[in-house]
>>> print(open('my_file.csv').read())   # CSV, C-alpha atoms
chain,number,residue,atom,x,y,z
Y,1,MET,CA,1.6,13.1,1.2
Y,2,GLU,CA,-0.4,13.9,-1.9
Y,3,ASN,CA,1.5,14.4,-5.1
Y,4,GLN,CA,1.3,18.2,-5.8
Y,5,LYS,CA,3.3,18.0,-9.0
Y,6,GLN,CA,1.9,20.0,-11.9
Y,7,SER,CA,2.9,20.1,-15.6
Y,8,GLY,CA,3.2,23.2,-17.7
Y,9,PRO,CA,4.0,26.7,-16.6
Y,10,GLU,CA,2.8,28.2,-13.3
Y,11,PRO,CA,-0.6,30.0,-13.7
Y,12,PRO,CA,-0.7,33.8,-13.1
Y,13,ILE,CA,-0.3,34.8,-9.5
Y,14,LYS,CA,-2.9,36.9,-7.7
Y,15,VAL,CA,-3.5,38.4,-4.2
Y,16,SER,CA,-6.0,36.8,-1.9
Y,17,THR,CA,-8.7,38.6,0.0
Y,18,ILE,CA,-9.2,37.2,3.5
Y,19,ASN,CA,-11.3,38.3,6.4
Y,20,CYS,CA,-9.9,40.3,9.3
Y,21,ILE,CA,-11.0,39.5,12.9
Y,22,ASP,CA,-10.7,42.4,15.5
Y,23,LEU,CA,-10.2,40.8,18.9
Y,24,SER,CA,-11.2,44.1,20.5
Y,25,ASN,CA,-14.6,44.1,18.8
Y,26,PRO,CA,-17.4,44.0,21.4
Y,27,ASP,CA,-19.7,42.5,18.8
Y,28,ILE,CA,-18.7,38.9,19.3
Y,29,GLY,CA,-21.4,37.8,16.8
Y,30,GLU,CA,-19.8,39.8,14.0
Y,31,SER,CA,-16.4,38.2,14.8
Y,32,VAL,CA,-17.9,34.7,14.9
Y,33,ALA,CA,-19.6,35.3,11.5
Y,34,LEU,CA,-16.4,36.6,9.9
Y,35,LEU,CA,-14.2,33.8,11.3
Y,36,LYS,CA,-16.7,31.1,10.3
Y,37,GLN,CA,-16.9,32.4,6.7
Y,38,ALA,CA,-13.0,32.4,6.6
Y,39,CYS,CA,-12.8,28.9,8.0
Y,40,LEU,CA,-15.3,27.5,5.5
Y,41,ASP,CA,-13.7,29.4,2.6
Y,42,CYS,CA,-9.9,29.1,3.0
Y,43,GLY,CA,-8.9,28.5,6.6
Y,44,PHE,CA,-6.9,31.8,6.7
Y,45,PHE,CA,-7.7,35.1,8.3
Y,46,TYR,CA,-6.0,38.1,9.9
Y,47,VAL,CA,-6.2,38.9,13.6
Y,48,VAL,CA,-5.7,42.5,14.8
Y,49,ASN,CA,-5.9,44.3,18.1
Y,50,HIS,CA,-4.7,41.1,19.7
Y,51,GLY,CA,-3.0,42.8,22.7
Y,52,ILE,CA,0.7,42.4,21.7
Y,53,SER,CA,2.1,45.9,21.0
Y,54,GLN,CA,3.8,46.7,17.7
Y,55,GLU,CA,6.8,47.9,19.7
Y,56,PHE,CA,7.3,44.5,21.3
Y,57,MET,CA,6.7,42.7,18.0
Y,58,ALA,CA,9.5,44.9,16.5
Y,59,GLU,CA,11.8,43.9,19.3
Y,60,VAL,CA,11.1,40.1,18.8
Y,61,PHE,CA,11.9,40.5,15.1
Y,62,ALA,CA,15.1,42.4,15.9
Y,63,GLN,CA,16.2,39.7,18.3
Y,64,SER,CA,15.4,37.0,15.8
Y,65,LYS,CA,17.6,38.6,13.2
Y,66,LYS,CA,20.4,38.9,15.7
Y,67,PHE,CA,20.4,35.1,16.1
Y,68,PHE,CA,20.3,34.4,12.4
Y,69,TYR,CA,23.1,36.9,11.8
Y,70,LEU,CA,25.4,34.7,14.0
Y,71,PRO,CA,28.1,32.5,12.3
Y,72,LEU,CA,26.9,29.0,11.4
Y,73,ASN,CA,29.3,27.4,13.9
Y,74,GLU,CA,27.7,29.4,16.7
Y,75,LYS,CA,24.1,28.5,15.6
Y,76,LEU,CA,25.1,24.8,15.4
Y,77,LYS,CA,25.9,24.9,19.1
Y,78,VAL,CA,22.1,25.0,19.7
Y,79,LEU,CA,21.2,22.5,17.0
Y,80,ARG,CA,17.6,21.1,17.1
Y,81,ASN,CA,17.3,18.1,19.4
Y,82,GLU,CA,14.9,15.2,19.5
Y,83,LYS,CA,12.4,17.3,21.5
Y,84,HIS,CA,12.3,19.9,18.7
Y,85,ARG,CA,14.1,22.6,20.5
Y,86,GLY,CA,16.8,24.8,18.9
Y,87,TYR,CA,18.2,25.6,15.5
Y,88,THR,CA,17.1,24.0,12.2
Y,89,PRO,CA,19.6,24.7,9.4
Y,90,MET,CA,18.9,25.5,5.8
Y,91,PHE,CA,17.3,22.5,4.0
Y,92,ASP,CA,16.5,20.7,7.3
Y,93,GLU,CA,12.8,20.5,6.4
Y,94,VAL,CA,11.2,19.0,3.3
Y,95,LEU,CA,7.5,19.8,3.3
Y,96,ASP,CA,6.7,18.8,-0.3
Y,97,PRO,CA,8.9,15.8,-1.2
Y,98,ASP,CA,7.1,15.1,-4.5
Y,99,ASN,CA,8.3,18.5,-5.8
Y,100,GLN,CA,11.4,19.3,-3.7
Y,101,VAL,CA,13.5,16.8,-5.5
Y,102,HIS,CA,16.9,18.6,-5.2
Y,103,ALA,CA,16.8,20.2,-1.8
Y,104,GLY,CA,14.6,21.0,1.2
Y,105,ASP,CA,13.2,24.4,2.2
Y,106,TYR,CA,15.5,27.5,1.7
Y,107,LYS,CA,14.9,28.5,5.3
Y,108,GLU,CA,16.5,28.2,8.7
Y,109,GLY,CA,14.6,28.3,11.9
Y,110,TYR,CA,14.7,28.1,15.7
Y,111,TYR,CA,12.2,26.1,17.8
Y,112,ILE,CA,11.1,27.3,21.3
Y,113,GLY,CA,8.5,25.3,23.2
Y,114,VAL,CA,6.9,25.2,26.6
Y,115,ASP,CA,9.8,24.9,29.1
Y,116,VAL,CA,9.6,21.6,31.1
Y,117,PRO,CA,12.7,20.8,33.3
Y,118,GLU,CA,14.4,17.5,32.7
Y,119,ASN,CA,13.7,16.3,36.2
Y,120,ASP,CA,9.9,16.8,35.7
Y,121,PRO,CA,8.1,13.5,34.8
Y,122,GLU,CA,6.2,15.5,32.1
Y,123,SER,CA,9.5,15.9,30.2
Y,124,GLU,CA,9.3,12.3,29.2
Y,125,LYS,CA,6.4,13.1,26.8
Y,126,PRO,CA,7.1,13.9,23.1
Y,127,PHE,CA,7.7,17.7,22.5
Y,128,ASN,CA,8.2,18.3,26.2
Y,129,GLY,CA,11.5,19.2,27.8
Y,130,PRO,CA,13.8,22.2,28.5
Y,131,ASN,CA,14.4,24.8,25.9
Y,132,VAL,CA,17.9,25.4,24.5
Y,133,TRP,CA,19.2,28.9,24.4
Y,134,PRO,CA,22.2,30.8,23.0
Y,135,ALA,CA,24.6,31.7,25.7
Y,136,ASP,CA,23.7,35.0,27.5
Y,137,GLY,CA,27.1,36.4,26.5
Y,138,VAL,CA,26.3,35.8,22.8
Y,139,LEU,CA,22.8,37.3,22.8
Y,140,PRO,CA,22.0,39.2,26.0
Y,141,GLY,CA,18.3,39.4,26.8
Y,142,TRP,CA,17.4,37.1,23.9
Y,143,ARG,CA,15.9,34.4,26.1
Y,144,GLN,CA,13.7,36.8,28.1
Y,145,THR,CA,12.3,38.4,25.0
Y,146,MET,CA,11.3,35.0,23.5
Y,147,GLU,CA,9.8,33.7,26.7
Y,148,LYS,CA,7.7,36.8,27.0
Y,149,PHE,CA,6.5,36.5,23.4
Y,150,HIS,CA,5.7,32.8,23.8
Y,151,HIS,CA,3.5,33.6,26.8
Y,152,GLU,CA,1.7,36.5,25.1
Y,153,ALA,CA,1.1,34.6,21.9
Y,154,LEU,CA,-0.5,31.7,23.7
Y,155,GLU,CA,-3.1,34.1,25.1
Y,156,VAL,CA,-3.8,35.3,21.6
Y,157,GLY,CA,-4.2,31.7,20.5
Y,158,LYS,CA,-6.6,31.0,23.3
Y,159,ALA,CA,-8.7,34.1,22.4
Y,160,VAL,CA,-8.9,32.9,18.8
Y,161,SER,CA,-9.9,29.4,20.0
Y,162,ARG,CA,-12.9,30.8,21.9
Y,163,ILE,CA,-14.2,32.4,18.7
Y,164,ILE,CA,-13.6,29.1,16.8
Y,165,ALA,CA,-15.6,27.2,19.4
Y,166,LEU,CA,-18.6,29.5,18.9
Y,167,ALA,CA,-18.3,29.2,15.1
Y,168,LEU,CA,-18.6,25.5,15.5
Y,169,ASP,CA,-21.7,25.8,17.8
Y,170,LEU,CA,-19.7,24.6,20.8
Y,171,GLU,CA,-19.4,26.1,24.3
Y,172,VAL,CA,-17.1,29.1,24.2
Y,173,ASP,CA,-14.5,27.4,26.4
Y,174,PHE,CA,-14.6,24.0,24.5
Y,175,PHE,CA,-10.9,24.4,23.5
Y,176,ASP,CA,-9.8,26.9,26.2
Y,177,LYS,CA,-10.2,24.6,29.1
Y,178,PRO,CA,-7.6,22.6,31.2
Y,179,GLU,CA,-8.0,19.3,29.4
Y,180,VAL,CA,-7.4,20.8,26.0
Y,181,LEU,CA,-5.3,23.9,26.1
Y,182,GLY,CA,-4.3,23.8,29.8
Y,183,LYS,CA,-0.9,22.2,29.1
Y,184,PRO,CA,-0.6,22.8,25.4
Y,185,ILE,CA,2.1,21.8,23.0
Y,186,ALA,CA,2.7,25.4,22.0
Y,187,THR,CA,5.7,26.0,19.8
Y,188,LEU,CA,7.3,29.3,18.7
Y,189,ARG,CA,9.4,29.1,15.6
Y,190,LEU,CA,11.6,31.9,14.3
Y,191,LEU,CA,12.2,31.7,10.6
Y,192,HIS,CA,14.6,33.2,8.1
Y,193,TYR,CA,14.2,32.7,4.4
Y,194,GLU,CA,17.3,33.1,2.4
Y,195,ASP,CA,17.5,35.8,-0.3
Y,196,GLN,CA,17.0,33.4,-3.2
Y,197,PHE,CA,14.6,33.3,-6.1
Y,198,SER,CA,12.2,30.3,-5.9
Y,199,ASP,CA,11.5,28.4,-9.0
Y,200,PRO,CA,8.5,26.0,-8.6
Y,201,ALA,CA,9.3,24.4,-12.1
Y,202,LYS,CA,12.7,23.3,-10.6
Y,203,GLY,CA,11.3,22.4,-7.2
Y,204,ILE,CA,13.0,25.4,-5.4
Y,205,TYR,CA,10.9,26.9,-2.6
Y,206,GLY,CA,11.3,29.0,0.5
Y,207,ALA,CA,8.9,26.5,2.0
Y,208,GLY,CA,7.3,23.7,0.0
Y,209,ALA,CA,3.6,23.3,-0.3
Y,210,HIS,CA,2.0,21.9,2.9
Y,211,SER,CA,-0.8,22.2,5.3
Y,212,ASP,CA,0.0,22.7,9.0
Y,213,PHE,CA,-0.2,19.7,11.3
Y,214,GLY,CA,-2.0,21.0,14.3
Y,215,PHE,CA,-4.8,23.1,15.7
Y,216,ILE,CA,-4.1,26.7,14.7
Y,217,THR,CA,-1.0,28.7,13.6
Y,218,LEU,CA,-0.4,32.4,14.3
Y,219,LEU,CA,2.1,34.0,11.9
Y,220,ALA,CA,3.7,37.4,12.1
Y,221,THR,CA,5.8,38.5,9.1
Y,222,ASP,CA,7.9,41.3,8.0
Y,223,ASP,CA,6.8,43.3,4.9
Y,224,VAL,CA,8.3,41.0,2.3
Y,225,MET,CA,5.7,39.2,0.3
Y,226,GLY,CA,6.2,35.4,0.0
Y,227,LEU,CA,3.3,33.5,1.6
Y,228,GLN,CA,0.9,31.9,-0.9
Y,229,ILE,CA,-2.3,29.9,-0.4
Y,230,CYS,CA,-4.1,27.4,-2.6
Y,231,LYS,CA,-7.8,27.3,-1.8
Y,232,ASP,CA,-8.5,24.2,-3.9
Y,233,LYS,CA,-5.6,21.7,-3.7
Y,234,ASP,CA,-7.3,19.4,-6.2
Y,235,ALA,CA,-7.7,22.0,-8.9
Y,236,LYS,CA,-5.8,21.5,-12.2
Y,237,PRO,CA,-3.7,23.6,-12.4
Y,238,GLN,CA,-3.5,24.8,-8.8
Y,239,ILE,CA,-4.2,28.5,-8.3
Y,240,TRP,CA,-1.8,30.2,-5.9
Y,241,GLU,CA,-2.7,33.5,-4.3
Y,242,TYR,CA,-0.4,35.8,-2.2
Y,243,VAL,CA,-1.4,36.8,1.3
Y,244,THR,CA,-0.4,40.4,1.9
Y,245,PRO,CA,1.4,41.2,5.2
Y,246,ILE,CA,-0.4,43.7,7.4
Y,247,LYS,CA,1.7,45.5,10.0
Y,248,GLY,CA,0.9,44.5,13.5
Y,249,ALA,CA,-1.5,41.7,12.4
Y,250,PHE,CA,-1.2,37.9,12.8
Y,251,ILE,CA,-2.1,35.8,9.8
Y,252,VAL,CA,-4.0,32.8,11.4
Y,253,ASN,CA,-4.5,29.5,9.6
Y,254,LEU,CA,-6.2,26.3,10.7
Y,255,GLY,CA,-4.3,23.1,10.9
Y,256,ASP,CA,-5.0,19.5,9.9
Y,257,MET,CA,-6.0,18.6,13.4
Y,258,LEU,CA,-8.8,21.2,13.5
Y,259,GLU,CA,-10.0,20.0,10.0
Y,260,ARG,CA,-10.1,16.5,11.4
Y,261,TRP,CA,-11.9,17.7,14.6
Y,262,SER,CA,-14.5,19.5,12.5
Y,263,ASN,CA,-15.0,16.5,10.2
Y,264,CYS,CA,-13.6,18.6,7.2
Y,265,MET,CA,-16.2,21.3,7.7
Y,266,PHE,CA,-13.4,23.8,8.4
Y,267,LYS,CA,-10.4,23.9,6.0
Y,268,SER,CA,-6.7,23.3,6.6
Y,269,THR,CA,-5.4,25.0,3.4
Y,270,LEU,CA,-2.3,24.2,1.4
Y,271,HIS,CA,0.3,27.0,1.5
Y,272,ARG,CA,3.9,27.6,0.6
Y,273,VAL,CA,6.5,30.4,0.6
Y,274,LEU,CA,8.3,31.7,-2.6
Y,275,GLY,CA,11.5,33.7,-2.4
Y,276,ASN,CA,11.8,36.8,-4.5
Y,277,GLY,CA,15.5,37.6,-4.0
Y,278,GLN,CA,15.0,39.3,-0.6
Y,279,ASP,CA,15.7,38.0,2.9
Y,280,ARG,CA,12.4,37.4,4.6
Y,281,TYR,CA,11.7,36.9,8.3
Y,282,SER,CA,8.6,35.5,10.0
Y,283,ILE,CA,7.6,34.2,13.4
Y,284,ALA,CA,5.2,31.2,13.5
Y,285,TYR,CA,3.4,30.2,16.7
Y,286,PHE,CA,1.8,26.7,16.6
Y,287,VAL,CA,-1.0,26.2,19.1
Y,288,GLU,CA,-1.6,22.5,19.7
Y,289,PRO,CA,-3.7,20.8,22.5
Y,290,ASN,CA,-2.5,18.8,25.5
Y,291,HIS,CA,-0.6,15.6,24.7
Y,292,ASP,CA,-3.5,13.4,25.8
Y,293,SER,CA,-6.3,15.4,24.1
Y,294,LEU,CA,-8.4,13.1,22.0
Y,295,VAL,CA,-9.1,14.5,18.6
Y,296,GLU,CA,-12.3,13.0,17.5
Y,297,CYS,CA,-15.3,14.3,15.4
Y,298,LEU,CA,-17.1,17.1,17.2
Y,299,PRO,CA,-20.7,16.5,18.1
Y,300,THR,CA,-21.8,19.5,16.1
Y,301,CYS,CA,-20.0,18.3,13.0
Y,302,ARG,CA,-21.6,14.9,12.5
Y,303,THR,CA,-24.9,13.8,11.1
Y,304,GLU,CA,-26.5,10.6,9.8
Y,305,LYS,CA,-25.6,11.7,6.3
Y,306,CYS,CA,-22.1,12.9,7.4
Y,307,PRO,CA,-20.6,10.4,9.8
Y,308,PRO,CA,-17.1,10.9,11.2
Y,309,LYS,CA,-14.5,10.6,8.5
Y,310,PHE,CA,-11.5,9.8,10.8
Y,311,PRO,CA,-11.0,7.6,13.8
Y,312,PRO,CA,-10.1,9.3,17.2
Y,313,ILE,CA,-6.4,9.9,17.7
Y,314,ARG,CA,-4.3,11.4,20.6
Y,315,CYS,CA,-2.8,14.7,19.9
Y,316,SER,CA,0.9,13.8,20.6
Y,317,THR,CA,0.6,10.6,18.5
Y,318,TYR,CA,-0.6,12.5,15.5
Y,319,LEU,CA,2.0,15.3,15.8
Y,320,SER,CA,4.9,13.0,16.3
Y,321,GLN,CA,4.2,11.1,13.1
Y,322,ARG,CA,3.8,14.3,11.1
Y,323,TYR,CA,7.0,15.9,12.4
Y,324,LYS,CA,8.9,12.6,11.6
Y,325,GLU,CA,7.6,12.7,8.0
Y,326,THR,CA,9.0,16.2,7.3
Y,327,HIS,CA,12.2,16.8,9.3
Y,328,ALA,CA,15.7,15.5,8.6
Y,329,ASP,CA,17.0,12.7,10.8
Y,330,LEU,CA,19.2,14.3,13.4
Y,331,SER,CA,22.1,11.9,12.6
Y,332,VAL,CA,22.8,13.9,9.4
Y,333,TYR,CA,24.2,16.6,11.5
Y,334,ASP,CA,26.7,14.4,13.4
Y,335,LYS,CA,29.5,15.6,11.1
Y,336,HIS,CA,29.0,19.2,12.3
Y,337,GLN,CA,29.4,18.3,15.9
Y,338,ALA,CA,32.5,16.0,15.6
>>> encode(input="my_file.csv", output="C-alpha cells")
Amino acid sequence: MENQKQSGPEPPIKVSTINCIDLSNPDIGESVALLKQACLDCGFFYVVNHGISQEFMAEVFAQSKKFFYLPLNEKLKVLRNEKHRGYTPMFDEVLDPDNQVHAGDYKEGYYIGVDVPENDPESEKPFNGPNVWPADGVLPGWRQTMEKFHHEALEVGKAVSRIIALALDLEVDFFDKPEVLGKPIATLRLLHYEDQFSDPAKGIYGAGAHSDFGFITLLATDDVMGLQICKDKDAKPQIWEYVTPIKGAFIVNLGDMLERWSNCMFKSTLHRVLGNGQDRYSIAYFVEPNHDSLVECLPTCRTEKCPPKFPPIRCSTYLSQRYKETHADLSVYDKHQA
C-alpha cells in the first residue's frame, strides 16, 4: 500500500460537490453523461430514486443499531469467520497501516453475504458460505430485514452497472449478465463508528485512508458527517473534502477492480472517515462480480498509445489478497472464545 503519510498540519477541510444520478430519469443519456463525468473526476456520485423506500431504509438502520447496542460478549458469539461473515470488533481492520500506527479503525461492523449452504459445492469458494445470524430470541426479525435489504440493494447495484457500461461505450448488459453479476460476491456490511474524535496527526481514524477493492460500493449513511474523499492522492499536501449525507440517497463509489477494468480511465478514489465525537452509523454494500469473472482491460479502454496497464486476474483471487492485507488474523480473537 502506498505511503499516505504527510508532514505538517492538516490542510483546511472543504465540502465536495459530486454529481447526482436519478435512476427514475427517463433520459438515460443525461444519466450516462453525469455518471461518466463523475467517474472521470472523482469516482463518487449520489444515486436517488433507486427503488428502496425511506421507510425501509430507516428500519434497516434501526435494526443495525439494535445489534451494535448488544453487550460485547453477545456480539462475539457471531464473530467474523474465514468466509467474512459476522461481527468485526473495534480495531479489527487496518486500512492505512502507514498512518494507523497505534490502532486500527475506530469502528465495528457486521458482514452479510450471499447465503450459500455448507452442503452446496459452491460454498468451497472464497467468500461463499452460510451467513451467521444473531439468535432469533436476541433480535427478532433481524435476519429477515437484512436479507430483504441485501436483495434490494443488489438490484440497485445492477441498475448502476448498466449506466456504467454505457458510460464505457459497452453493451448495456456488459456487467449485468450471468457470467459477471449472475452469482456475485455481494456483501452487506453494517458499520458503527465510535463517538471519538479522530486525529490524523496521531493516526487516529474512524476508517483509515483507502480505496475500495472491488467493482462498486453503495453507501447509505445517517446524517452525521464523517466521510471524506481525496481526489488526487499524489498531491502534497493531500486535500480532503467531506461528502455530505443526503437523506434517502446512496453514495456510490468505484472500486479498484473497476479502475483496473477501465485501464485507469475511471477513478477509484482514496477516502476515509473522521470521527467528530458523535456515534455514526452507515451501511455499505459491496458489489463484486462472480468468482471466476476475469478482470482484464476492456476493449473500449485500450489503444495503441494506451495499452493495458494490468495483467488479467480472476475476481476471487484479487479480492482474497486485498482482504488478507487489511483484516486482523482470526487467531487474535481466540482468547475471547476460550
>>> atom_distance(input="my_file.csv", atom1="CA of Leu154 (chain Y)", atom2="CA of Val287 (chain Y)")
7.2 Å
>>> residues_around(input="my_file.csv", residues="region 205-216 of chain Y", least_positions_apart="2", cutoff="8 Å", atoms="all atoms listed in the file", output="NGL selection string")
:Y and (4 or 94-96 or 99-100 or 104-107 or 157 or 193-194 or 198-200 or 203 or 218 or 252-258 or 268-275 or 286-289 or 319 or 322)
>>> closest_residue(input="my_file.csv", among="Y:Thr187, Y:Ser53, Y:Thr17, Y:Thr145", to="Ala249 (chain Y)", atoms="all atoms listed in the file")
Y:Ser53
>>> axis_aligned_box(input="my_file.csv", around="region 176-179 of chain Y", padding_each_side="6 Å", output="AutoDock Vina command-line options")
--center_x -8.9 --center_y 23.1 --center_z 28.7 --size_x 14.6 --size_y 19.6 --size_z 17.0
>>> atom_distance(input="my_file.csv", atom1="CA of Phe197 (chain Y)", atom2="CA of Ala103 (chain Y)")
14.0 Å
>>> residues_around(input="my_file.csv", residues="Asn131 (chain Y)", least_positions_apart="3", cutoff="7 Å", atoms="only C-alpha atoms", output="PyMOL selection string")
chain Y and resi 85+112-113+115
>>> atom_distance(input="my_file.csv", atom1="CA of Asn73 (chain Y)", atom2="CA of Asp279 (chain Y)")
20.5 Å
>>> residues_around(input="my_file.csv", residues="His50 (chain Y)", least_positions_apart="2", cutoff="6 Å", atoms="only C-alpha atoms", output="list of chain:residue names")
Y:Leu23, Y:Val48, Y:Ile52
